[in-house]
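Colleague: Data file my_file-v6.txt (compact mmCIF, C-alpha atoms) is appended below.
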# COMPACT_ATOMS: atom_id res chain seq x y z
CA MET A 1 22.00 50.53 -101.11
CA ALA A 2 18.61 52.14 -100.79
CA ASP A 3 16.95 54.84 -98.70
CA ALA A 4 13.43 56.07 -98.00
CA THR A 5 13.36 58.08 -101.21
CA THR A 6 14.01 55.09 -103.47
CA ILE A 7 11.74 52.40 -102.11
CA LEU A 8 9.75 50.45 -104.66
CA GLU A 9 6.06 50.89 -105.39
CA ASP A 10 3.71 47.95 -104.87
CA HIS A 11 3.32 47.37 -108.59
CA GLU A 12 7.10 46.89 -108.88
CA LEU A 13 6.99 43.97 -106.46
CA SER A 14 5.65 40.50 -107.21
CA PRO A 15 2.73 39.15 -105.15
CA ALA A 16 5.16 36.88 -103.27
CA ALA A 17 7.43 39.81 -102.44
CA ARG A 18 4.52 41.94 -101.26
CA ARG A 19 3.26 39.15 -99.00
CA THR A 20 6.71 38.76 -97.49
CA LEU A 21 6.82 42.44 -96.60
CA GLU A 22 3.28 42.68 -95.23
CA ASP A 23 4.06 41.34 -91.74
CA PRO A 24 6.03 43.97 -89.74
CA ALA A 25 6.91 41.36 -87.13
CA LYS A 26 8.91 39.39 -89.71
CA LYS A 27 10.89 42.33 -91.10
CA MET A 28 14.05 41.54 -89.19
CA MET A 29 13.93 37.86 -90.10
CA VAL A 30 13.45 38.76 -93.75
CA ALA A 31 16.26 41.31 -93.58
CA ARG A 32 18.57 38.64 -92.18
CA GLY A 33 17.66 36.28 -95.00
CA LEU A 34 15.90 33.82 -92.72
CA VAL A 35 12.64 33.78 -94.69
CA PRO A 36 12.92 31.60 -97.81
CA LEU A 37 12.20 33.26 -101.15
CA PRO A 38 12.94 30.85 -104.01
CA ASP A 39 12.83 33.49 -106.75
CA PRO A 40 16.15 35.45 -106.79
CA ARG A 41 14.34 38.53 -108.14
CA ASP A 42 11.94 38.50 -105.19
CA LEU A 43 14.75 37.98 -102.69
CA VAL A 44 16.87 40.84 -104.02
CA SER A 45 13.86 43.17 -104.39
CA VAL A 46 12.68 42.51 -100.83
CA LEU A 47 16.15 43.08 -99.39
CA TYR A 48 16.49 46.25 -101.45
CA GLN A 49 13.17 47.46 -100.03
CA LEU A 50 14.22 46.72 -96.47
CA ALA A 51 17.55 48.46 -97.02
CA GLY A 52 15.46 51.65 -97.11
CA ASP A 53 13.35 50.81 -94.06
CA ASP A 54 12.71 53.37 -91.32
CA ASP A 55 14.23 51.05 -88.71
CA PRO A 56 18.06 51.44 -88.68
CA ALA A 57 18.52 47.87 -87.43
CA VAL A 58 16.45 46.48 -90.29
CA ARG A 59 18.33 48.63 -92.79
CA ALA A 60 21.69 47.44 -91.51
CA ALA A 61 20.62 43.78 -91.56
CA ALA A 62 19.30 44.07 -95.13
CA HIS A 63 22.49 45.74 -96.32
CA GLY A 64 24.54 42.97 -94.71
CA THR A 65 22.47 40.20 -96.28
CA LEU A 66 22.64 41.81 -99.71
CA ALA A 67 26.41 42.07 -99.47
CA GLU A 68 26.73 38.38 -98.61
CA LEU A 69 24.38 36.94 -101.25
CA PRO A 70 26.02 34.30 -103.45
CA GLU A 71 26.97 35.52 -106.90
CA THR A 72 24.72 32.91 -108.51
CA ILE A 73 21.64 34.40 -106.81
CA VAL A 74 22.65 38.00 -107.57
CA GLY A 75 23.37 37.07 -111.17
CA ALA A 76 20.01 35.37 -111.60
CA ALA A 77 18.23 38.43 -110.21
CA LEU A 78 20.21 40.92 -112.30
CA GLY A 79 19.39 38.96 -115.43
CA ASP A 80 15.64 39.09 -114.80
CA ALA A 81 14.01 41.66 -117.08
CA GLN A 82 11.33 42.21 -114.43
CA LEU A 83 13.83 43.43 -111.86
CA PRO A 84 13.23 47.18 -111.30
CA ALA A 85 15.91 49.46 -112.72
CA ARG A 86 16.48 51.05 -109.31
CA VAL A 87 17.45 47.70 -107.84
CA ILE A 88 19.97 47.12 -110.60
CA ASP A 89 21.31 50.63 -109.98
CA SER A 90 21.95 49.81 -106.33
CA PHE A 91 24.53 47.25 -107.47
CA ALA A 92 26.34 49.68 -109.81
CA ALA A 93 29.43 50.15 -107.65
CA ALA A 94 29.94 46.40 -107.24
CA LEU A 95 29.30 45.66 -110.90
CA ALA A 96 32.13 47.92 -112.07
CA THR A 97 34.73 45.36 -110.99
CA ARG A 98 32.76 42.09 -111.20
CA ASP A 99 32.91 41.28 -114.88
CA GLY A 100 30.55 38.31 -114.84
CA LEU A 101 27.75 40.10 -113.00
CA ALA A 102 28.29 43.25 -115.03
CA ALA A 103 27.81 41.31 -118.27
CA VAL A 104 24.50 39.95 -116.99
CA ALA A 105 23.26 43.34 -115.77
CA LEU A 106 24.29 45.22 -118.90
CA ALA A 107 22.40 42.70 -121.03
CA ASN A 108 19.23 43.32 -119.03
CA PRO A 109 16.87 45.59 -121.02
CA SER A 110 15.65 47.08 -117.74
CA ILE A 111 18.99 48.65 -116.85
CA ALA A 112 18.90 52.45 -116.78
CA ASP A 113 21.30 54.58 -118.80
CA ASP A 114 22.45 56.34 -115.64
CA THR A 115 23.39 52.96 -114.16
CA VAL A 116 25.51 52.14 -117.19
CA ALA A 117 27.29 55.49 -116.77
CA LYS A 118 27.98 54.74 -113.10
CA ILE A 119 29.43 51.35 -114.00
CA ALA A 120 31.52 52.75 -116.86
CA ALA A 121 33.14 55.35 -114.60
CA ARG A 122 34.91 52.70 -112.51
CA ALA A 123 34.85 49.62 -114.69
CA THR A 124 37.60 47.29 -115.80
CA ALA A 125 38.57 47.33 -119.47
CA ALA A 126 36.37 44.29 -120.13
CA VAL A 127 33.30 45.89 -118.55
CA CYS A 128 34.01 49.19 -120.33
CA ALA A 129 33.77 47.27 -123.59
CA LEU A 130 30.31 46.05 -122.64
CA CYS A 131 29.23 49.58 -121.71
CA ALA A 132 30.39 50.87 -125.09
CA GLU A 133 28.66 48.24 -127.24
CA ASN A 134 25.27 49.93 -127.60
CA GLU A 135 25.86 52.99 -129.80
CA THR A 136 22.22 54.05 -129.61
CA ARG A 137 22.56 54.22 -125.84
CA LEU A 138 25.81 56.18 -126.09
CA LEU A 139 24.13 58.81 -128.25
CA ARG A 140 21.08 58.89 -125.98
CA CYS A 141 23.17 59.17 -122.82
CA PRO A 142 26.50 60.94 -123.50
CA GLU A 143 27.24 60.72 -119.78
CA ILE A 144 28.30 57.12 -120.53
CA VAL A 145 30.84 58.41 -123.06
CA ALA A 146 32.15 60.90 -120.50
CA ALA A 147 32.51 58.11 -117.96
CA LEU A 148 34.40 55.91 -120.42
CA TYR A 149 36.66 58.76 -121.55
CA THR A 150 37.65 59.73 -118.02
CA ASN A 151 38.15 56.14 -116.84
CA PRO A 152 41.86 55.30 -117.27
CA GLN A 153 40.93 51.60 -117.53
CA ALA A 154 39.04 52.14 -120.79
CA PRO A 155 41.34 51.48 -123.77
CA MET A 156 42.17 54.52 -125.89
CA SER A 157 40.61 52.94 -128.97
CA MET A 158 37.29 52.48 -127.20
CA ALA A 159 37.22 55.97 -125.70
CA ALA A 160 38.16 57.51 -129.05
CA HIS A 161 35.43 55.62 -130.90
CA ALA A 162 32.78 56.75 -128.42
CA VAL A 163 33.93 60.37 -128.63
CA GLU A 164 34.00 60.31 -132.44
CA LEU A 165 30.52 58.78 -132.54
CA CYS A 166 29.08 61.63 -130.48
CA ALA A 167 31.04 64.39 -132.21
CA ARG A 168 29.93 63.23 -135.66
CA ASN A 169 26.32 63.14 -134.53
CA ASP A 170 26.46 66.60 -132.91
CA VAL A 171 25.97 65.15 -129.44
CA ARG A 172 27.82 67.14 -126.79
CA VAL A 173 29.52 65.03 -124.15
CA PRO A 174 29.67 66.48 -120.62
CA ILE A 175 33.47 66.64 -120.50
CA ALA A 176 35.01 69.89 -119.23
CA ALA A 177 37.25 70.22 -122.29
CA TRP A 178 34.74 68.86 -124.82
CA GLU A 179 35.71 71.29 -127.57
CA GLU A 180 39.35 70.28 -127.27
CA VAL A 181 38.49 66.58 -127.02
CA ALA A 182 36.29 66.67 -130.12
CA ALA A 183 38.86 68.68 -132.08
CA ALA A 184 41.60 66.21 -131.21
CA HIS A 185 39.59 63.23 -132.44
CA ILE A 186 37.85 64.55 -135.52
CA LYS A 187 39.69 65.37 -138.73
CA VAL A 188 38.01 67.93 -140.99
CA ALA A 189 38.34 66.99 -144.65
CA VAL A 190 39.44 70.00 -146.70
CA ALA A 191 40.52 68.41 -149.98
CA GLU A 192 38.26 68.75 -153.00
CA PRO A 193 36.68 65.46 -154.14
CA GLN A 194 38.16 63.82 -157.17
CA PRO A 195 36.02 64.06 -160.36
CA GLN A 196 35.17 60.38 -160.30
CA GLN A 197 33.87 60.74 -156.75
CA ALA A 198 31.80 63.85 -157.36
CA GLN A 199 28.54 61.91 -157.58
CA GLN A 200 29.11 60.02 -154.36
CA PRO A 201 29.28 61.31 -150.79
CA SER A 202 32.66 60.94 -149.18
CA PRO A 203 32.78 58.34 -146.44
CA PRO A 204 33.07 59.76 -142.93
CA ASP A 205 36.58 60.20 -141.66
CA GLU A 206 37.28 57.36 -139.28
CA GLY A 207 39.92 59.25 -137.34
CA PRO A 208 43.08 57.51 -136.11
CA GLY A 209 43.06 53.74 -136.26
CA TRP A 210 44.02 52.98 -132.71
CA SER A 211 45.87 49.70 -132.43
CA PRO A 212 46.38 47.47 -129.39
CA GLU A 213 49.96 48.76 -129.30
CA GLU A 214 48.73 52.35 -129.09
CA ASP A 215 46.25 51.38 -126.37
CA ALA A 216 49.21 49.95 -124.46
CA ALA A 217 51.25 53.11 -125.09
CA PHE A 218 48.52 55.24 -123.53
CA SER A 219 48.30 52.92 -120.51
CA ARG A 220 52.08 53.08 -120.01
CA ALA A 221 52.09 56.86 -120.21
CA ALA A 222 49.25 57.14 -117.71
CA ALA A 223 51.08 54.83 -115.32
CA ALA A 224 54.43 56.56 -115.76
CA VAL A 225 53.43 59.80 -114.06
CA THR A 226 52.89 59.70 -110.33
CA GLU A 227 52.52 62.38 -107.69
CA THR A 228 56.05 61.56 -106.49
CA VAL A 229 57.53 62.91 -109.74
CA THR A 230 57.95 66.64 -109.23
CA ASP A 231 60.08 67.65 -112.24
CA PRO A 232 57.73 68.51 -115.13
CA SER A 233 60.66 68.44 -117.56
CA LYS A 234 61.41 64.81 -116.73
CA ASP A 235 61.45 62.72 -119.88
CA THR A 236 58.32 60.55 -119.92
CA PRO A 237 56.40 58.69 -122.62
CA ILE A 238 53.91 61.59 -122.63
CA SER A 239 55.99 63.67 -125.01
CA ALA A 240 55.77 61.00 -127.71
CA LEU A 241 52.00 60.54 -127.59
CA PRO A 242 49.67 61.65 -130.41
CA MET A 243 47.66 64.77 -129.64
CA ALA A 244 44.41 62.87 -128.99
CA MET A 245 46.13 60.76 -126.35
CA LYS A 246 47.64 63.84 -124.70
CA VAL A 247 44.22 65.49 -124.53
CA ARG A 248 42.75 62.42 -122.86
CA LEU A 249 45.67 62.12 -120.45
CA ALA A 250 44.97 65.72 -119.42
CA ALA A 251 41.55 64.51 -118.29
CA VAL A 252 42.57 61.27 -116.56
CA GLY A 253 46.12 62.09 -115.47
CA ASN A 254 47.37 63.50 -112.20
CA ALA A 255 49.02 66.81 -111.33
CA THR A 256 52.35 65.70 -112.79
CA ALA A 257 50.73 64.87 -116.13
CA ARG A 258 48.97 68.25 -116.15
CA ALA A 259 52.22 70.07 -115.38
CA ILE A 260 53.73 68.52 -118.50
CA LEU A 261 50.71 68.80 -120.77
CA ILE A 262 49.86 72.41 -119.94
CA ARG A 263 53.16 73.41 -121.58
CA ASP A 264 52.38 71.52 -124.76
CA PRO A 265 52.57 73.71 -127.91
CA ALA A 266 49.30 72.23 -129.22
CA ARG A 267 46.48 74.46 -127.96
CA PRO A 268 43.92 71.62 -127.46
CA VAL A 269 46.35 69.80 -125.18
CA ALA A 270 47.20 72.81 -123.01
CA MET A 271 43.55 73.85 -122.75
CA ALA A 272 42.46 70.31 -121.84
CA ALA A 273 44.99 70.36 -119.02
CA ILE A 274 43.76 73.64 -117.52
CA LYS A 275 40.14 72.49 -117.87
CA SER A 276 40.75 69.21 -116.04
CA PRO A 277 38.09 68.76 -113.33
CA ALA A 278 40.78 67.41 -111.04
CA ILE A 279 42.93 70.54 -111.12
CA ALA A 280 43.64 72.05 -107.70
CA ASP A 281 43.70 75.72 -106.71
CA SER A 282 47.41 75.43 -105.92
CA GLU A 283 48.07 74.30 -109.50
CA VAL A 284 46.04 77.17 -110.91
CA THR A 285 48.04 79.65 -108.84
CA ARG A 286 51.32 78.27 -110.19
CA TYR A 287 50.11 78.31 -113.78
CA ALA A 288 48.74 81.86 -113.45
CA ALA A 289 52.22 83.05 -112.52
CA ASN A 290 54.04 81.07 -115.20
CA THR A 291 55.16 83.27 -118.09
CA ALA A 292 56.10 80.21 -120.18
CA ILE A 293 52.48 79.07 -120.43
CA SER A 294 50.41 80.10 -123.44
CA GLU A 295 48.27 83.23 -123.45
CA ASP A 296 45.19 81.09 -124.12
CA VAL A 297 45.66 79.26 -120.82
CA ILE A 298 46.31 82.50 -118.91
CA SER A 299 43.22 84.10 -120.46
CA TYR A 300 41.14 81.09 -119.48
CA ILE A 301 42.31 81.31 -115.87
CA ALA A 302 41.44 85.02 -115.82
CA SER A 303 37.95 84.22 -117.10
CA ARG A 304 37.12 81.83 -114.25
CA ARG A 305 35.36 83.71 -111.46
CA ASP A 306 35.91 80.92 -108.97
CA TRP A 307 39.66 81.13 -109.49
CA VAL A 308 40.09 84.91 -109.56
CA LYS A 309 38.37 85.07 -106.18
CA LEU A 310 41.60 83.66 -104.76
CA TYR A 311 44.01 86.46 -103.84
CA ALA A 312 47.08 84.47 -104.88
CA VAL A 313 45.59 83.96 -108.35
CA LYS A 314 44.73 87.68 -108.64
CA LEU A 315 48.29 88.65 -107.79
CA ALA A 316 49.79 86.04 -110.13
CA LEU A 317 47.64 87.18 -113.05
CA VAL A 318 48.33 90.87 -112.53
CA SER A 319 52.06 90.13 -112.41
CA ASN A 320 52.03 87.96 -115.54
CA PRO A 321 52.61 89.98 -118.73
CA LYS A 322 50.58 87.42 -120.71
CA THR A 323 47.39 88.31 -118.86
CA PRO A 324 45.06 90.42 -121.07
CA LEU A 325 45.42 94.06 -120.03
CA THR A 326 41.70 94.50 -119.42
CA ALA A 327 41.64 91.53 -117.05
CA ALA A 328 44.83 92.60 -115.25
CA THR A 329 43.51 96.14 -114.81
CA ARG A 330 40.25 94.87 -113.36
CA LEU A 331 42.06 92.67 -110.85
CA LEU A 332 44.57 95.39 -109.95
CA ALA A 333 42.02 97.24 -107.84
CA HIS A 334 41.77 94.24 -105.49
CA LEU A 335 45.47 94.09 -104.61
CA ARG A 336 46.92 95.15 -101.28
CA GLU A 337 49.12 98.25 -101.27
CA ARG A 338 52.30 96.26 -100.75
CA ASP A 339 51.57 94.24 -103.88
CA LEU A 340 50.47 97.33 -105.81
CA LYS A 341 53.90 98.81 -105.13
CA GLY A 342 55.50 95.71 -106.58
CA VAL A 343 53.41 96.02 -109.76
CA ALA A 344 54.17 99.74 -110.01
CA ARG A 345 57.93 99.00 -109.92
CA SER A 346 57.79 95.95 -112.18
CA LYS A 347 59.57 96.09 -115.53
CA SER A 348 57.81 92.97 -116.84
CA VAL A 349 54.20 94.18 -116.78
CA PRO A 350 52.81 96.58 -119.41
CA SER A 351 53.67 100.22 -118.68
CA ALA A 352 49.97 101.12 -118.68
CA LEU A 353 49.36 98.62 -115.88
CA ALA A 354 52.31 99.91 -113.84
CA ALA A 355 51.00 103.46 -114.28
CA GLN A 356 47.54 102.39 -113.12
CA ALA A 357 49.08 100.75 -110.05
CA LYS A 358 50.84 104.03 -109.15
CA LYS A 359 47.58 105.91 -109.62
CA LEU A 360 45.72 103.54 -107.30
CA ILE A 361 48.40 103.92 -104.61
CA THR A 362 48.08 107.72 -104.77
CA GLN A 363 44.27 107.56 -104.60
CA ARG A 364 44.30 105.26 -101.58
CA ARG A 365 46.73 107.49 -99.69
CA ARG A 366 44.61 110.55 -100.33
CA GLY A 367 41.57 108.73 -99.02
CA PRO A 368 37.95 109.36 -99.94
Would you write the structure of this file as structure tokens?

Modeller:
Amino acid sequence: MADATTILEDHELSPAARRTLEDPAKKMMVARGLVPLPDPRDLVSVLYQLAGDDDPAVRAAAHGTLAELPETIVGAALGDAQLPARVIDSFAAALATRDGLAAVALANPSIADDTVAKIAARATAAVCALCAENETRLLRCPEIVAALYTNPQAPMSMAAHAVELCARNDVRVPIAAWEEVAAAHIKVAVAEPQPQQAQQPSPPDEGPGWSPEEDAAFSRAAAAVTETVTDPSKDTPISALPMAMKVRLAAVGNATARAILIRDPARPVAMAAIKSPAIADSEVTRYAANTAISEDVISYIASRRDWVKLYAVKLALVSNPKTPLTAATRLLAHLRERDLKGVARSKSVPSALAAQAKKLITQRRRGP
């Protein structure tokens, strides 16, 4: 839970906790929980401190004791406003799936925003709701919103509300496809106000009113696609989802979901799929070669330096007529002669690109 870089300062420990740690000879007994400490905050703080001790045996014993503490003791400690934020943070992984303890910790004013984000990333739907309650915190720490949005357990209505809150307050959320996410959730009012409303500001657009049924629809769609489904044309509930749900599924779904969504005619959906942080190089290579995918997606692939470093992606882009000519020409120079010949003979690439391929072949044969 802790290491030498996160140990507590003396002022963060109570006098009783400091006294317990003062005797090096008792460290192992304390780490094993054999020294009584009636205050749960002191007990948890001392064990946290020893979990970062220089002695590996002491560290291991402290970790073991912390893991076996009764929930009543852990809960009492996590609810103590004097418990250091770093100690609460050390329980983040466990709190994500322990609703009772999470409720106590999230109500503690000492909890750090980063800890809430860690919990939200893996939490159950009930805990996600607790993480999303404090709108001031969401605006202050948009990483929490990102964690909720990319956690499939968070209901669509909750994720959408958090996204809309940030978008309307000009707070950028660290989601790879943030522009697409924001666009899918925010409606821009274009109608002129009625005369009787001219003296009053229009209320903010609330976006789609997500119902429990729609939350369930998103959950079913997310569960319907698995890595064992290899046919992207297979009829799934994804095709019937609203655009905002498709954009989110592009972020939380697997390769099968991305293979379906990247073909979507709505630009935000296709772009969210290609920007998914979970996308693999093998997927990128397939999409770069696919002439049925939109030019926006192909252009985005060509703009990513980390992807065009891959030879298979270079070749796929050069061979795809939807690749911008400037990008294809730039990549052409990196192809092997065998592949250059294929481009030179191709009837599907622009004639200017085929001519450039022939020119490069001639230059290479002549030598320097």

Colleague: Enumerate, as a list in words, the protein, DNA and RNA residues whose atoms approach (42.0, 46.8, -134.9) to within 12 Å, taking into account all atoms listed in the file and the coordinate frame of the file.

Modeller: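 Returned residue set, sorted by chain then number, is Met156, Ser157, Met158, His161, Pro208, Gly209, Trp210, Ser211, Pro212, Glu213, Glu214 and Asp215 of chain A.
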
Colleague: Might you pull out every residue within 10 Å of Pro321 (chain A), with only C-alpha atoms counted and same-chain residues fewer than 2 positions away left off, and present them as a compact mmCIF listing (two decimals) with C-alpha atoms, keeping the file's coordinate frame?

Modeller:
# COMPACT_ATOMS: atom_id res chain seq x y z
CA ALA A 289 52.22 83.05 -112.52
CA ASN A 290 54.04 81.07 -115.20
CA THR A 291 55.16 83.27 -118.09
CA GLU A 295 48.27 83.23 -123.45
CA ILE A 298 46.31 82.50 -118.91
CA ALA A 316 49.79 86.04 -110.13
CA LEU A 317 47.64 87.18 -113.05
CA VAL A 318 48.33 90.87 -112.53
CA SER A 319 52.06 90.13 -112.41
CA THR A 323 47.39 88.31 -118.86
CA PRO A 324 45.06 90.42 -121.07
CA LEU A 325 45.42 94.06 -120.03
CA ALA A 328 44.83 92.60 -115.25
CA LYS A 347 59.57 96.09 -115.53
CA SER A 348 57.81 92.97 -116.84
CA VAL A 349 54.20 94.18 -116.78
CA PRO A 350 52.81 96.58 -119.41
CA LEU A 353 49.36 98.62 -115.88

Colleague: When distances are computed from only C-alpha atoms, which of A:Glu22, A:Glu180, A:Asp306, A:Asp10 shows the smallest separation from Lys246 (chain A)?

Modeller: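 Result for the nearest residue to Lys246 (chain A): A:Glu180.
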
Colleague: Excluding same-chain residues fewer than 6 positions from Arg248 (chain A), what lies within 9 Å of it counting only C-alpha atoms, as a ChimeraX atom specification?

Modeller: /A:149-150,156,159,181,269,272

Colleague: When distances are computed from only C-alpha atoms, which of A:Val252, A:Leu139, A:Val308, A:Ile144 shows the smallest separation from Ala167 (chain A)?

Modeller: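 Selected residue with least distance to Ala167 (chain A): A:Leu139.
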
Colleague: Within 9 Å of (50.6, 68.4, -120.5) (coordinates as in the file), grab all the protein and nucleic acid residues, counting only C-alpha atoms, and write them out as a list in words.

Modeller: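 Looking at atoms near the point gives Pro232, Ile238, Ser239, Lys246, Val247, Leu249, Ala250, Thr256, Ala257, Arg258, Ala259, Ile260, Leu261, Ile262, Arg263, Asp264, Val269, Ala270, Ala272 and Ala273 of chain A.
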
Colleague: Export C-alpha atoms of the chosen residues as a CSV table (one decimal), in the frame of the given file?

Modeller:
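Generated file (selection-v4.csv):
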chain,number,residue,atom,x,y,z
A,232,PRO,CA,57.7,68.5,-115.1
A,238,ILE,CA,53.9,61.6,-122.6
A,239,SER,CA,56.0,63.7,-125.0
A,246,LYS,CA,47.6,63.8,-124.7
A,247,VAL,CA,44.2,65.5,-124.5
A,249,LEU,CA,45.7,62.1,-120.4
A,250,ALA,CA,45.0,65.7,-119.4
A,256,THR,CA,52.4,65.7,-112.8
A,257,ALA,CA,50.7,64.9,-116.1
A,258,ARG,CA,49.0,68.2,-116.2
A,259,ALA,CA,52.2,70.1,-115.4
A,260,ILE,CA,53.7,68.5,-118.5
A,261,LEU,CA,50.7,68.8,-120.8
A,262,ILE,CA,49.9,72.4,-119.9
A,263,ARG,CA,53.2,73.4,-121.6
A,264,ASP,CA,52.4,71.5,-124.8
A,269,VAL,CA,46.4,69.8,-125.2
A,270,ALA,CA,47.2,72.8,-123.0
A,272,ALA,CA,42.5,70.3,-121.8
A,273,ALA,CA,45.0,70.4,-119.0

Colleague: Find the distance between CA of Val173 (chain A) and CA of Arg305 (chain A) and write it in Å to one decimal.

Modeller: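 CA of Arg305 (chain A) lies 23.3 Å from CA of Val173 (chain A).
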
Colleague: Do you have the CA of Arg345 (chain A)-CA of Ala302 (chain A) distance handy?

Modeller: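 Those two atoms sit 22.4 Å apart.
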
Colleague: As a list in words, please: the residues near Tyr311 (chain A) (cut-off 10 Å, only C-alpha atoms, same-chain neighbours under 6 positions excluded).

Modeller: Thr285, Leu317, Leu331, His334, Leu335 and Arg336 of chain A

Colleague: Tell me, in Å to one decimal, how far CA of Pro84 (chain A) is from CA of Ser110 (chain A).

Modeller: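 CA of Ser110 (chain A) lies at a distance of 6.9 Å from CA of Pro84 (chain A).
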
Colleague: Is it possible to get the axis-aligned box enclosing region 338-341 of chain A (all listed atoms, 4 Å extra per side) as JSON, with centre and edge lengths in Å rounded to one decimal?

Modeller:
{"center_x": 52.2, "center_y": 96.5, "center_z": -103.3, "size_x": 11.4, "size_y": 12.6, "size_z": 13.1}

Colleague: Skipping near chain neighbours, those fewer than 5 positions away, what residues fall within 12 Å of Ala132 (chain A) using all atoms listed in the file, listed as a PyMOL selection string?

Modeller: chain A and resi 106+113+116-117+119-121+123+125-127+137-139+141-149+154-155+157-163+165

Colleague: Any idea what's packed within 10 Å of Ala92 (chain A), counting all atoms listed in the file, ignoring anything in its chain fewer than 4 positions away? Could you give it as a VMD selection string?

Modeller: chain A and resid 1 86 to 88 96 to 97 102 105 114 to 120 122 to 123

Colleague: Which residue gives the smallest distance to Glu164 (chain A) among A:Glu135, A:Asp53, A:Asp89, A:Glu283, with only C-alpha atoms counted?

Modeller: A:Glu135
